[in-house]
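Undergrad: Sharing a structure, written as structure tokens. Questions coming.
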There are 2 protein chains.
Amino acid sequence: MILINGMEDAAISAADRGLAYGDGVFRTIRVQDGHALQWSRHYAKLAADCKALRIPVPELETLNQDVMRISRAHSTCALKIIVTRGVGERGYAHAGVGAPTRILLSAPLPRYPSQCAELGVRIRLCRLKLADQPALAGVKHLNRLENVLARAEWTDSSIAEGIVRDRAENVIGGTMTNIFMVNGGVLATPRLDGCGIAGVTRDRIIETSARHGAPCEVTMLTWSDIVSAEEVFLVNSLIGVWPVCDIEGQLRRAGPFTRLAQRWLTLEDDAQAA
Amino acid sequence: MILINGMEDAAISAADRGLAYGDGVFRTIRVQDGHALQWSRHYAKLAADCKALRIPVPELETLNQDVMRISRAHSTCALKIIVTRGVGERGYAHAGVGAPTRILLSAPLPRYPSQCAELGVRIRLCRLKLADQPALAGVKHLNRLENVLARAEWTDSSIAEGIVRDRAENVIGGTMTNIFMVNGGVLATPRLDGCGIAGVTRDRIIETSARHGAPCEVTMLTWSDIVSAEEVFLVNSLIGVWPVCDIEGQLRRAGPFTRLAQRWLTLEDDAQAA
């Protein structure tokens, strides 16, 4: 099902600035048993990202109705919400642009083998280095060619995710996930001041770990930090938490902190979906 | 008029990767008296940019027909050609994506005052710094949020263009133009190894100046190089050559080299449109 500005439709204007310039933001949300999980967090992030680009924020009530229509039609799905600046005249200036375009697309939840969450996944290091752009860092905007290029580096389906670094070789995250590691009992995740996407699940892990007395360090991490870590895991709103069990051939088991993170998220999500 | 994959239509699939990720490239072409000016150069660049992103290049014959249909319907217009990777499943991987999407949009030529080309234009320096991404540098792709942010820095309509630098403070170009300067009789334009768009008109100036025994240096330029230059001019396929006559209040006249560049382009374009 596709809703465009609240209407069931499969097409958008070819003059939309989302297409012309990637001038918009998006979210990917897990819908489970009719509930859009973490919806209020996703809305808050969507609003913050719109503000970062000075796109008028769609009303919560309006998006709520869209989300409810999708969730009623597809009670379990991957819901993507795109908000673009709208349809504009030619040119980069956006002074005269009308209302933002709201696009909601539902898709089947990706069928990852259950062993991804149980036994863990294999990761690789990508060659592509993310460019530093503080004006856009953390924002889930529609300029995602770097992710496309990084994801195109491998076709081996046994590799679940590629890890990307910035040009100073700091690890930023996966092509579609945020990354966490544990060393000496301390949880850590990369700073995203220059590039990367600050996802909702990353926020949840940071907040929940602090609440449980094991605060997460948000810091600069190198690939060798990751390789030598006791535990590594990947997160996003669709997969939840995936332990990393194979870093380019170096094997490991899912550790206790990773299991704890899985439990935290599952408890919260189950409460929402109940 | 809008043509989508050769069909007259105004809408594209909301699942197109051009919208989802900015996964595509584009060109802006001046159509004059029924002729798409510099069409073979634009096609060559479109093909090169598709290859840079590993998007299958649409056949010349196919695009030719699209362009001719537009030029017959609107004998003088601004023609935008977008080629996206096509409609895809969810996710960054593009292994299973079908054929690319061709989108041609005609718009009225922007009505710039004739004094822009005659007397020159006013420019300013933008605060936004372009991120370095050698994997995408020079390519006219659909990830253009930086241009949108830079263009949003001013609303004063007396300012025709904003100049952007990279993070090392090298001048890269305007938000919608390439920049040239002349100093000590030597023509120069910025290198675009890390960011920026290498436009067709930039290529034409570089090639024509070499043919006329005044080769252009493609080099690193700072803002103070621009400010202290004898001549500065801006180029793109719609405007041709605009002299810069006002750099943040510092006034100057269009110089002889700028006039020569205008003449070179006009002679070529008039021959094509004849």
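Naming works like this for the structure tokens: A, B, ... for the chains as they're shown, residue 1 at the start of each chain, ligands 1 onward in shown order.
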Restrict the distance test to only C-alpha atoms, flag each residue of chain B within 6 Å of chain A, and return the flagged residues as a VMD selection string.

TA: chain B and resid 10 to 14 18 to 19 21 to 23 92 to 93 131 to 133 142 to 145 148 151

Undergrad: Quick check, in Å to one decimal: how far apart do atom CA of Thr76 of chain B and atom CA of Asp33 of chain B lie?

TA: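 Between these atoms lies a distance of 5.6 Å.
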
Undergrad: A:Leu251, A:Ala48, A:Ala229, A:Ala261: which is nearest Ala198 of chain A, counting only C-alpha atoms?

TA: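 Closest residue, counting only C-alpha atoms: A:Ala48.
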